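This report concerns only the one structure given below.
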2 protein chains.
Amino acid sequence: MANFQVNILGCGSATPSTRHMPACQVIDFRDRLFMIDCGEGAQLQMMRQRLKFSRLSHIFISHLHGDHFLGLPGLLSTLALHEKGGSVTIHTFAEGVRVLREIMAVFCRETSYEIIYDVITPGRAVIFDDHALTVETFPLYHRVPCVGFKFSEKPKARHLRGDMIRFHGIPVAQLEDIRRGADFVKPDGTVIPNSWLTTDPDPSVSYAYCSDTMYNPSVADDVRGVDVLYHESTYADDFAAKAAPRGHSTAREAARIAAAAGVGRLVLGHYSKAYDSDEPFLREASEEFPDVIAAREGMKIDLL
Amino acid sequence: MANFQVNILGCGSATPSTRHMPACQVIDFRDRLFMIDCGEGAQLQMMRQRLKFSRLSHIFISHLHGDHFLGLPGLLSTLALHEKGGSVTIHTFAEGVRVLREIMAVFCRETSYEIIYDVITPGRAVIFDDHALTVETFPLYHRVPCVGFKFSEKPKARHLRGDMIRFHGIPVAQLEDIRRGADFVKPDGTVIPNSWLTTDPDPSVSYAYCSDTMYNPSVADDVRGVDVLYHESTYADDFAAKAAPRGHSTAREAARIAAAAGVGRLVLGHYSKAYDSDEPFLREASEEFPDVIAAREGMKIDLL
């Protein structure tokens with residue numbers, strides 16, 4: 001269990017290959033796992049990377065291309081065979097919900113857990129929100145309707161200063177309010193400001209996922225200031241002319257988005273199988289934005 | 001290209017695991033590949049085992065459980081991305097055709113090759129027949145309708161005896177008939193019997209695939225005398241009581257079918273993930289039938 005860790009399960013494009021698996025990531029966020037895209041083989045990658053099925057709670061599908069979706073039927077069937085409890089919410093476009101229901105009606109009539117379908121639409125919306133995390137969609141620019149996902153951790157509790165808590169004799173029952181920023185009012189009416197009692201909380205982190213998309217400067221507005229940006233880089237400069245017509249980006253274009261958005265770190269992925277090395281992606285991207293890494297299957301990126 | 005070679009792409013049951021892939025085999029028969037069952041990951045196993053997509057011509061699905069079917073959407077999409085030509089014929093039950101059409105309508109609207117759907121029904125039927133090969137279904141006994149497949153090579157051409165061909169001055173134009181068993185009639189009407197001119201052809205081989213099924217002695221009648229029998233052995237003796245209620249067999253039961261049918265060799269597979277070794281399967285089966293091997297991913301079994 002991690003505070004906020006991005007696990008790369010697949011970072012290839014189009015098809016599985018002996019080098020890369022198709023698109024899939026899992027965010028390990030405290031007690032739950034949030035999957036983004038689900039290419040064929042996602043369930044096996046979860047096993048290999050020891051990400052427990054029992055903790056999987058939400059699956060976000062960016063668009064309805066097979067390399068981002070076709071791992072779902074097998075994964076959902078396997079969750080049932082593993083007798084997972086609780087629920088899994090699948091956030092996808094309406095046509096994805098329809099076809100998934102058709103498949104499940106044939107191959108997995110009964111599940112030990114509840115499948116909740118959340119129909120998403122292209123554009124900007126908050127699609128998940130609880131006490132700790134918000135997930136928003138934003139538009140991407142691909143050959144079919146496609147959205148990116150931005151995961152934003154909510155502000156955390158402030159740290160109590162043990163010495164001051166003891167000095168002022170603050171009752172345990174009030175500590176939770178003080179963690180949340182409340183001042184302490186003594187029985188005699190004296191106000192002890194929160195800033196005397198606490199120190200700043202750990203920073204809240206944010207992560208944005210952009211796959212698949214052609215280069216579009218407006219994406220920078222949607223991912224502004226995130227700690228980590230995953231941005232597809234299907235091609236390097238040598239195939240730059242093919243990128244936009246196919247609805248994809250180069251590594252250099254991904255890095256330009258990262259630079260314009262002022263993100264903390266850039267992660268590249270969704271590599272075309274025309275490449276047998278990360279080297280051109282990293283070299284070309286780093287000319288535009290220095291803090292860049294190339295995703296690989298099995299990689300874990302800790303945001304905190 | 002092989003004359004008749006069975007390639008094991010997956011021999012696990014229920015789900016992929018870090019030990020086994022779900023059910024999939026490919027028969028490499030002269031110029032074509034015939035796939036039997038298509039669990040998730042089949043396309044990647046084809047790549048790993050260097051079985052060329054361009055040669056894939058027919059896919060036979062034994063029953064509509066996910067671990068035998070859910071590799072199809074990804075495989076068919078990938079064939080299109082690889083710009084495969086010609087056609088692929090998919091032999092499956094009507095409900096499988098229906099759901100596959102639904103999936104392809106969303107994820108793979110255009111293919112470079114023709115997909116031909118051949119609806120099969122439970123029971124005995126010839127479902128493929130050409131100059132060299134016949135494929136027949138026969139009933140299996142599982143929790144859902146399920147068939148086995150028997151592949152029978154047709155009789156081959158006889159071998160010409162070069163010395164006799166020259167001695168009798170036989171024209172080249174007649175050699176093909178003589179390979180097929182014709183006598184030679186000299187211009188003066190003298191008949192030279194084929195047995196003087198040829199020797200026996202190479203033997204024709206046959207292969208039967210039984211997965212998934214509970215033990216049923218009638219299966220032996222359907223696979224009588226095949227050179228190689230693949231028979232599921234989901235369990236060893238320790239889970240014998242669970243096998244039939246789940247529609248599966250033990251290794252010992254598979255071996256009893258092999259013995260009763262007088263087959264040449266038995267191949268075990270479809271192992272439950274409760275086992276981490278082939279040893280109990282092989283030991284118990286060999287007590288009933290000596291010529292037994294345990295399938296593993298990557299194994300190639302030459303029938304000739």
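Residue names in the structure tokens use chain letters A, B, ... in the order shown, residue numbers from 1 in each chain, and ligand numbers from 1 in the order shown.
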Exercise. So which residues of region 86-208 of chain B fall under strand (DSSP E) by DSSP, listed as a PyMOL selection string?
Worked result: chain B and resi 87-92+114-119+125-129+133-139+147-153+159-160+184-185+191-192+198-199+206-208
Problem set entry | Proximal residues of chain B relative to chain A (only C-alpha atoms; 10 Å) as a VMD selection string | chain B and resid 14 to 18 21 39 to 41 43 to 45 47 to 48 64 to 67 69 to 75 77 to 79 81 to 82 95 to 96 98 to 100 102 to 108
Exercise. In terms of the shortest atom-to-atom distance over only C-alpha atoms, which of A:Val6, A:Cys24, A:Leu197, A:Leu268 is closest to Glu232 (chain A)?
Worked result: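 Of the candidates, the smallest distance to Glu232 (chain A) is held by A:Leu268.
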Both chains have the same sequence, so superpose chain B on chain A over all Cα atoms paired in order and return it as a JSON list (two decimals) with C-alpha atoms, in the first residue's frame.
```json
[["chain", "number", "residue", "atom", "x", "y", "z"],
["B", 1, "MET", "CA", 0.03, 0.03, 0.02],
["B", 2, "ALA", "CA", 1.45, 3.36, -1.04],
["B", 3, "ASN", "CA", 0.34, 6.93, -0.52],
["B", 4, "PHE", "CA", 0.32, 7.72, -4.25],
["B", 5, "GLN", "CA", 2.28, 5.48, -6.56],
["B", 6, "VAL", "CA", 1.86, 5.08, -10.31],
["B", 7, "ASN", "CA", 2.54, 1.53, -11.55],
["B", 8, "ILE", "CA", 3.25, 1.04, -15.24],
["B", 9, "LEU", "CA", 1.64, -2.23, -16.42],
["B", 10, "GLY", "CA", 1.85, -1.51, -20.13],
["B", 11, "CYS", "CA", 3.37, 1.31, -22.14],
["B", 12, "GLY", "CA", 3.30, 0.05, -25.72],
["B", 13, "SER", "CA", 0.85, 1.06, -28.42],
["B", 14, "ALA", "CA", -1.52, -0.72, -30.78],
["B", 15, "THR", "CA", -0.79, -4.35, -29.86],
["B", 16, "PRO", "CA", 1.06, -6.33, -27.24],
["B", 17, "SER", "CA", 4.58, -7.21, -28.34],
["B", 18, "THR", "CA", 7.50, -9.09, -26.93],
["B", 19, "ARG", "CA", 8.85, -5.69, -25.84],
["B", 20, "HIS", "CA", 5.80, -3.89, -24.45],
["B", 21, "MET", "CA", 2.29, -4.58, -23.18],
["B", 22, "PRO", "CA", -0.59, -2.35, -24.31],
["B", 23, "ALA", "CA", -1.75, 0.61, -22.22],
["B", 24, "CYS", "CA", -2.41, 0.05, -18.54],
["B", 25, "GLN", "CA", -1.46, 1.83, -15.35],
["B", 26, "VAL", "CA", -2.52, 1.33, -11.75],
["B", 27, "ILE", "CA", -2.45, 4.09, -9.18],
["B", 28, "ASP", "CA", -1.86, 2.66, -5.76],
["B", 29, "PHE", "CA", -3.56, 5.27, -3.58],
["B", 30, "ARG", "CA", -3.63, 4.42, 0.11],
["B", 31, "ASP", "CA", -6.11, 1.55, 0.53],
["B", 32, "ARG", "CA", -7.30, 1.34, -3.09],
["B", 33, "LEU", "CA", -6.08, 0.69, -6.62],
["B", 34, "PHE", "CA", -7.27, 2.87, -9.51],
["B", 35, "MET", "CA", -6.61, 1.45, -12.97],
["B", 36, "ILE", "CA", -6.21, 3.65, -16.03],
["B", 37, "ASP", "CA", -6.82, 1.91, -19.35],
["B", 38, "CYS", "CA", -6.87, -1.86, -19.59],
["B", 39, "GLY", "CA", -5.09, -3.36, -22.58],
["B", 40, "GLU", "CA", -5.01, -7.13, -23.10],
["B", 41, "GLY", "CA", -2.86, -8.76, -20.46],
["B", 42, "ALA", "CA", -3.62, -6.22, -17.71],
["B", 43, "GLN", "CA", -4.75, -8.96, -15.33],
["B", 44, "LEU", "CA", -1.51, -10.86, -15.78],
["B", 45, "GLN", "CA", 0.54, -7.70, -15.29],
["B", 46, "MET", "CA", -1.33, -7.08, -12.02],
["B", 47, "MET", "CA", -0.33, -10.56, -10.84],
["B", 48, "ARG", "CA", 3.28, -10.09, -11.92],
["B", 49, "GLN", "CA", 3.48, -6.72, -10.15],
["B", 50, "ARG", "CA", 1.72, -8.02, -7.06],
["B", 51, "LEU", "CA", -1.13, -5.53, -7.24],
["B", 52, "LYS", "CA", -3.95, -7.26, -5.39],
["B", 53, "PHE", "CA", -7.25, -7.76, -7.19],
["B", 54, "SER", "CA", -9.05, -7.27, -3.86],
["B", 55, "ARG", "CA", -7.92, -3.63, -3.71],
["B", 56, "LEU", "CA", -9.03, -2.69, -7.23],
["B", 57, "SER", "CA", -11.89, -0.22, -6.96],
["B", 58, "HIS", "CA", -12.10, 1.95, -10.10],
["B", 59, "ILE", "CA", -11.13, 1.56, -13.76],
["B", 60, "PHE", "CA", -10.89, 4.57, -16.04],
["B", 61, "ILE", "CA", -10.91, 4.01, -19.82],
["B", 62, "SER", "CA", -9.59, 6.89, -21.92],
["B", 63, "HIS", "CA", -11.08, 5.79, -25.25],
["B", 64, "LEU", "CA", -12.51, 2.81, -27.09],
["B", 65, "HIS", "CA", -9.53, 1.39, -28.91],
["B", 66, "GLY", "CA", -8.71, -2.25, -28.30],
["B", 67, "ASP", "CA", -5.25, -1.65, -26.87],
["B", 68, "HIS", "CA", -6.86, 0.40, -24.06],
["B", 69, "PHE", "CA", -9.92, -1.76, -23.42],
["B", 70, "LEU", "CA", -9.65, -5.43, -24.39],
["B", 71, "GLY", "CA", -8.07, -6.52, -21.12],
["B", 72, "LEU", "CA", -11.31, -5.68, -19.32],
["B", 73, "PRO", "CA", -13.42, -8.80, -20.06],
["B", 74, "GLY", "CA", -10.67, -11.13, -18.86],
["B", 75, "LEU", "CA", -9.84, -9.00, -15.84],
["B", 76, "LEU", "CA", -13.47, -8.72, -14.74],
["B", 77, "SER", "CA", -13.95, -12.50, -15.17],
["B", 78, "THR", "CA", -10.83, -13.22, -13.16],
["B", 79, "LEU", "CA", -11.94, -10.91, -10.34],
["B", 80, "ALA", "CA", -15.08, -13.05, -10.10],
["B", 81, "LEU", "CA", -13.06, -16.30, -10.06],
["B", 82, "HIS", "CA", -10.96, -14.80, -7.27],
["B", 83, "GLU", "CA", -14.21, -14.09, -5.42],
["B", 84, "LYS", "CA", -13.43, -10.43, -5.03],
["B", 85, "GLY", "CA", -15.97, -8.60, -2.88],
["B", 86, "GLY", "CA", -17.18, -5.01, -2.88],
["B", 87, "SER", "CA", -17.50, -3.24, -6.18],
["B", 88, "VAL", "CA", -15.56, -2.09, -9.23],
["B", 89, "THR", "CA", -16.64, 1.08, -10.96],
["B", 90, "ILE", "CA", -15.84, 1.29, -14.66],
["B", 91, "HIS", "CA", -15.73, 4.78, -16.12],
["B", 92, "THR", "CA", -16.04, 4.62, -19.89],
["B", 93, "PHE", "CA", -17.98, 5.91, -22.87],
["B", 94, "ALA", "CA", -21.54, 4.67, -23.45],
["B", 95, "GLU", "CA", -20.58, 2.33, -26.29],
["B", 96, "GLY", "CA", -17.95, 0.74, -24.07],
["B", 97, "VAL", "CA", -20.55, 0.08, -21.39],
["B", 98, "ARG", "CA", -22.87, -1.46, -23.94],
["B", 99, "VAL", "CA", -20.33, -3.87, -25.40],
["B", 100, "LEU", "CA", -18.95, -4.78, -21.99],
["B", 101, "ARG", "CA", -22.43, -5.70, -20.79],
["B", 102, "GLU", "CA", -22.83, -7.91, -23.90],
["B", 103, "ILE", "CA", -19.54, -9.67, -23.24],
["B", 104, "MET", "CA", -20.18, -10.17, -19.55],
["B", 105, "ALA", "CA", -23.65, -11.58, -20.29],
["B", 106, "VAL", "CA", -21.97, -14.42, -22.20],
["B", 107, "PHE", "CA", -18.71, -14.96, -20.34],
["B", 108, "CYS", "CA", -19.31, -13.89, -16.76],
["B", 109, "ARG", "CA", -22.97, -14.02, -15.86],
["B", 110, "GLU", "CA", -22.41, -13.95, -12.11],
["B", 111, "THR", "CA", -19.83, -11.94, -10.23],
["B", 112, "SER", "CA", -18.94, -12.00, -6.57],
["B", 113, "TYR", "CA", -18.63, -8.20, -6.66],
["B", 114, "GLU", "CA", -20.78, -5.42, -8.03],
["B", 115, "ILE", "CA", -19.85, -3.86, -11.37],
["B", 116, "ILE", "CA", -20.88, -0.22, -11.47],
["B", 117, "TYR", "CA", -20.86, 1.46, -14.87],
["B", 118, "ASP", "CA", -20.23, 5.20, -14.96],
["B", 119, "VAL", "CA", -20.80, 6.64, -18.42],
["B", 120, "ILE", "CA", -18.34, 9.40, -19.21],
["B", 121, "THR", "CA", -18.49, 11.90, -22.07],
["B", 122, "PRO", "CA", -15.73, 13.70, -23.91],
["B", 123, "GLY", "CA", -14.81, 16.98, -22.25],
["B", 124, "ARG", "CA", -14.16, 18.30, -18.76],
["B", 125, "ALA", "CA", -15.90, 16.81, -15.74],
["B", 126, "VAL", "CA", -15.27, 15.61, -12.21],
["B", 127, "ILE", "CA", -15.94, 11.88, -12.42],
["B", 128, "PHE", "CA", -14.72, 10.79, -8.99],
["B", 129, "ASP", "CA", -14.61, 12.69, -5.73],
["B", 130, "ASP", "CA", -14.20, 11.54, -2.16],
["B", 131, "HIS", "CA", -12.53, 12.76, 1.02],
["B", 132, "ALA", "CA", -9.05, 12.17, -0.31],
["B", 133, "LEU", "CA", -9.02, 12.29, -4.09],
["B", 134, "THR", "CA", -10.62, 13.94, -7.11],
["B", 135, "VAL", "CA", -10.47, 12.57, -10.65],
["B", 136, "GLU", "CA", -11.32, 14.85, -13.56],
["B", 137, "THR", "CA", -11.50, 14.26, -17.30],
["B", 138, "PHE", "CA", -10.24, 16.69, -19.88],
["B", 139, "PRO", "CA", -10.34, 16.52, -23.67],
["B", 140, "LEU", "CA", -7.65, 14.86, -25.74],
["B", 141, "TYR", "CA", -7.33, 15.00, -29.50],
["B", 142, "HIS", "CA", -7.33, 11.54, -31.05],
["B", 143, "ARG", "CA", -9.06, 9.78, -33.95],
["B", 144, "VAL", "CA", -11.98, 8.78, -31.69],
["B", 145, "PRO", "CA", -13.42, 10.54, -28.62],
["B", 146, "CYS", "CA", -10.73, 10.44, -25.95],
["B", 147, "VAL", "CA", -10.16, 11.95, -22.53],
["B", 148, "GLY", "CA", -7.23, 12.46, -20.22],
["B", 149, "PHE", "CA", -7.50, 11.93, -16.47],
["B", 150, "LYS", "CA", -6.20, 14.20, -13.73],
["B", 151, "PHE", "CA", -5.88, 12.75, -10.24],
["B", 152, "SER", "CA", -5.66, 15.39, -7.49],
["B", 153, "GLU", "CA", -5.04, 14.50, -3.91],
["B", 154, "LYS", "CA", -7.05, 16.65, -1.52],
["B", 155, "PRO", "CA", -5.32, 18.78, 1.15],
["B", 156, "LYS", "CA", -4.11, 16.62, 3.99],
["B", 157, "ALA", "CA", -4.41, 17.11, 7.73],
["B", 158, "ARG", "CA", -1.94, 19.52, 9.37],
["B", 159, "HIS", "CA", 0.73, 18.08, 11.68],
["B", 160, "LEU", "CA", 0.10, 18.60, 15.41],
["B", 161, "ARG", "CA", 2.91, 20.12, 17.49],
["B", 162, "GLY", "CA", 2.95, 17.76, 20.49],
["B", 163, "ASP", "CA", 4.65, 20.26, 22.79],
["B", 164, "MET", "CA", 2.01, 22.93, 22.18],
["B", 165, "ILE", "CA", -0.89, 20.50, 22.42],
["B", 166, "ARG", "CA", 0.34, 19.41, 25.85],
["B", 167, "PHE", "CA", 1.17, 22.98, 26.98],
["B", 168, "HIS", "CA", -2.37, 24.17, 26.25],
["B", 169, "GLY", "CA", -3.97, 21.00, 27.61],
["B", 170, "ILE", "CA", -6.06, 20.39, 24.49],
["B", 171, "PRO", "CA", -8.55, 17.49, 24.85],
["B", 172, "VAL", "CA", -8.11, 14.55, 22.51],
["B", 173, "ALA", "CA", -11.65, 15.04, 21.19],
["B", 174, "GLN", "CA", -10.64, 18.35, 19.62],
["B", 175, "LEU", "CA", -7.45, 17.20, 17.92],
["B", 176, "GLU", "CA", -9.14, 16.17, 14.67],
["B", 177, "ASP", "CA", -10.59, 19.67, 14.23],
["B", 178, "ILE", "CA", -7.22, 21.21, 14.93],
["B", 179, "ARG", "CA", -5.57, 18.93, 12.34],
["B", 180, "ARG", "CA", -8.09, 20.36, 9.89],
["B", 181, "GLY", "CA", -7.08, 23.96, 10.74],
["B", 182, "ALA", "CA", -9.39, 25.00, 13.62],
["B", 183, "ASP", "CA", -8.15, 27.34, 16.33],
["B", 184, "PHE", "CA", -8.41, 26.25, 19.98],
["B", 185, "VAL", "CA", -10.63, 28.25, 22.31],
["B", 186, "LYS", "CA", -9.72, 27.89, 25.98],
["B", 187, "PRO", "CA", -12.50, 27.65, 28.59],
["B", 188, "ASP", "CA", -11.75, 31.29, 29.51],
["B", 189, "GLY", "CA", -12.35, 32.36, 25.90],
["B", 190, "THR", "CA", -8.72, 32.85, 24.93],
["B", 191, "VAL", "CA", -8.12, 31.87, 21.30],
["B", 192, "ILE", "CA", -4.98, 29.91, 20.48],
["B", 193, "PRO", "CA", -4.47, 30.24, 16.71],
["B", 194, "ASN", "CA", -4.02, 27.07, 14.73],
["B", 195, "SER", "CA", -0.64, 28.28, 13.46],
["B", 196, "TRP", "CA", 0.77, 27.93, 17.01],
["B", 197, "LEU", "CA", -0.52, 24.36, 17.31],
["B", 198, "THR", "CA", 0.30, 22.81, 13.96],
["B", 199, "THR", "CA", 2.78, 22.77, 11.14],
["B", 200, "ASP", "CA", 1.96, 22.60, 7.45],
["B", 201, "PRO", "CA", 0.61, 19.32, 6.09],
["B", 202, "ASP", "CA", 2.50, 17.16, 3.64],
["B", 203, "PRO", "CA", 1.96, 18.54, 0.17],
["B", 204, "SER", "CA", -0.91, 17.12, -1.87],
["B", 205, "VAL", "CA", 0.13, 15.66, -5.17],
["B", 206, "SER", "CA", -1.44, 15.47, -8.58],
["B", 207, "TYR", "CA", -1.00, 13.28, -11.62],
["B", 208, "ALA", "CA", -2.25, 13.63, -15.19],
["B", 209, "TYR", "CA", -2.53, 10.93, -17.84],
["B", 210, "CYS", "CA", -2.65, 11.86, -21.53],
["B", 211, "SER", "CA", -3.00, 8.98, -23.95],
["B", 212, "ASP", "CA", -3.74, 9.01, -26.89],
["B", 213, "THR", "CA", -3.53, 12.51, -28.33],
["B", 214, "MET", "CA", -1.99, 14.57, -31.05],
["B", 215, "TYR", "CA", -0.05, 17.64, -29.92],
["B", 216, "ASN", "CA", -2.43, 20.38, -28.82],
["B", 217, "PRO", "CA", -1.17, 23.30, -26.69],
["B", 218, "SER", "CA", -4.49, 23.49, -24.85],
["B", 219, "VAL", "CA", -3.63, 20.24, -23.07],
["B", 220, "ALA", "CA", -1.06, 22.24, -21.10],
["B", 221, "ASP", "CA", -3.87, 24.27, -19.52],
["B", 222, "ASP", "CA", -5.58, 21.10, -18.36],
["B", 223, "VAL", "CA", -2.49, 19.60, -16.75],
["B", 224, "ARG", "CA", -0.97, 22.83, -15.42],
["B", 225, "GLY", "CA", 1.31, 22.33, -12.45],
["B", 226, "VAL", "CA", 0.76, 18.60, -11.88],
["B", 227, "ASP", "CA", 3.56, 16.84, -10.07],
["B", 228, "VAL", "CA", 3.82, 14.10, -12.67],
["B", 229, "LEU", "CA", 2.52, 14.14, -16.23],
["B", 230, "TYR", "CA", 2.29, 10.96, -18.27],
["B", 231, "HIS", "CA", 2.03, 12.01, -21.89],
["B", 232, "GLU", "CA", 2.00, 9.65, -24.82],
["B", 233, "SER", "CA", 4.99, 9.76, -27.16],
["B", 234, "THR", "CA", 4.16, 7.25, -29.82],
["B", 235, "TYR", "CA", 6.88, 8.56, -32.11],
["B", 236, "ALA", "CA", 10.25, 10.28, -32.06],
["B", 237, "ASP", "CA", 11.19, 13.12, -34.43],
["B", 238, "ASP", "CA", 11.86, 10.73, -37.30],
["B", 239, "PHE", "CA", 8.13, 9.97, -37.60],
["B", 240, "ALA", "CA", 6.98, 13.50, -36.65],
["B", 241, "ALA", "CA", 5.06, 13.95, -39.90],
["B", 242, "LYS", "CA", 2.97, 10.86, -39.16],
["B", 243, "ALA", "CA", 2.13, 11.70, -35.57],
["B", 244, "ALA", "CA", -0.68, 14.26, -35.90],
["B", 245, "PRO", "CA", -2.48, 12.57, -38.80],
["B", 246, "ARG", "CA", -2.61, 9.41, -36.67],
["B", 247, "GLY", "CA", -3.77, 11.30, -33.59],
["B", 248, "HIS", "CA", -0.48, 10.84, -31.76],
["B", 249, "SER", "CA", 2.42, 12.91, -30.43],
["B", 250, "THR", "CA", 6.18, 12.80, -30.56],
["B", 251, "ALA", "CA", 8.33, 12.75, -27.45],
["B", 252, "ARG", "CA", 9.38, 16.32, -28.23],
["B", 253, "GLU", "CA", 5.77, 17.44, -28.39],
["B", 254, "ALA", "CA", 5.01, 15.71, -25.09],
["B", 255, "ALA", "CA", 7.93, 17.59, -23.56],
["B", 256, "ARG", "CA", 6.65, 20.91, -24.93],
["B", 257, "ILE", "CA", 3.34, 20.28, -23.17],
["B", 258, "ALA", "CA", 5.24, 19.49, -19.96],
["B", 259, "ALA", "CA", 7.30, 22.68, -20.23],
["B", 260, "ALA", "CA", 4.30, 24.89, -21.05],
["B", 261, "ALA", "CA", 2.33, 23.36, -18.16],
["B", 262, "GLY", "CA", 5.17, 23.68, -15.65],
["B", 263, "VAL", "CA", 4.81, 20.13, -14.41],
["B", 264, "GLY", "CA", 7.22, 18.49, -11.99],
["B", 265, "ARG", "CA", 8.20, 15.42, -14.00],
["B", 266, "LEU", "CA", 7.30, 14.00, -17.38],
["B", 267, "VAL", "CA", 6.83, 10.29, -18.07],
["B", 268, "LEU", "CA", 6.86, 9.13, -21.69],
["B", 269, "GLY", "CA", 5.09, 6.05, -23.04],
["B", 270, "HIS", "CA", 2.75, 4.48, -25.61],
["B", 271, "TYR", "CA", 5.72, 3.77, -27.84],
["B", 272, "SER", "CA", 5.25, 2.65, -31.40],
["B", 273, "LYS", "CA", 6.66, -0.80, -32.02],
["B", 274, "ALA", "CA", 8.81, 0.75, -34.75],
["B", 275, "TYR", "CA", 11.31, 1.53, -31.95],
["B", 276, "ASP", "CA", 13.48, -0.91, -30.08],
["B", 277, "SER", "CA", 15.02, 1.62, -27.68],
["B", 278, "ASP", "CA", 13.88, 4.46, -25.39],
["B", 279, "GLU", "CA", 16.93, 6.48, -26.34],
["B", 280, "PRO", "CA", 15.51, 8.76, -29.08],
["B", 281, "PHE", "CA", 12.43, 9.54, -26.99],
["B", 282, "LEU", "CA", 14.48, 10.57, -23.96],
["B", 283, "ARG", "CA", 17.09, 12.49, -25.92],
["B", 284, "GLU", "CA", 14.63, 14.54, -27.92],
["B", 285, "ALA", "CA", 12.24, 15.18, -25.04],
["B", 286, "SER", "CA", 15.00, 16.31, -22.72],
["B", 287, "GLU", "CA", 15.94, 19.05, -25.17],
["B", 288, "GLU", "CA", 12.57, 20.60, -24.39],
["B", 289, "PHE", "CA", 12.05, 19.57, -20.76],
["B", 290, "PRO", "CA", 14.82, 18.19, -18.56],
["B", 291, "ASP", "CA", 13.00, 16.13, -15.93],
["B", 292, "VAL", "CA", 11.81, 13.29, -18.13],
["B", 293, "ILE", "CA", 11.75, 9.50, -17.76],
["B", 294, "ALA", "CA", 10.69, 6.74, -20.12],
["B", 295, "ALA", "CA", 8.00, 4.40, -18.81],
["B", 296, "ARG", "CA", 8.73, 0.68, -18.73],
["B", 297, "GLU", "CA", 6.59, -2.22, -17.62],
["B", 298, "GLY", "CA", 7.07, -2.82, -13.89],
["B", 299, "MET", "CA", 8.15, 0.76, -13.17],
["B", 300, "LYS", "CA", 6.78, 2.34, -9.99],
["B", 301, "ILE", "CA", 6.69, 6.12, -9.70],
["B", 302, "ASP", "CA", 6.17, 7.47, -6.19],
["B", 303, "LEU", "CA", 4.57, 10.89, -6.11],
["B", 304, "LEU", "CA", 5.40, 11.31, -2.43]]
```
Problem set entry | helix (DSSP H, G or I) call set, DSSP backbone run, region 130-203 of chain A, as number ranges by chain | A: 162-167, 172-179, 194-197
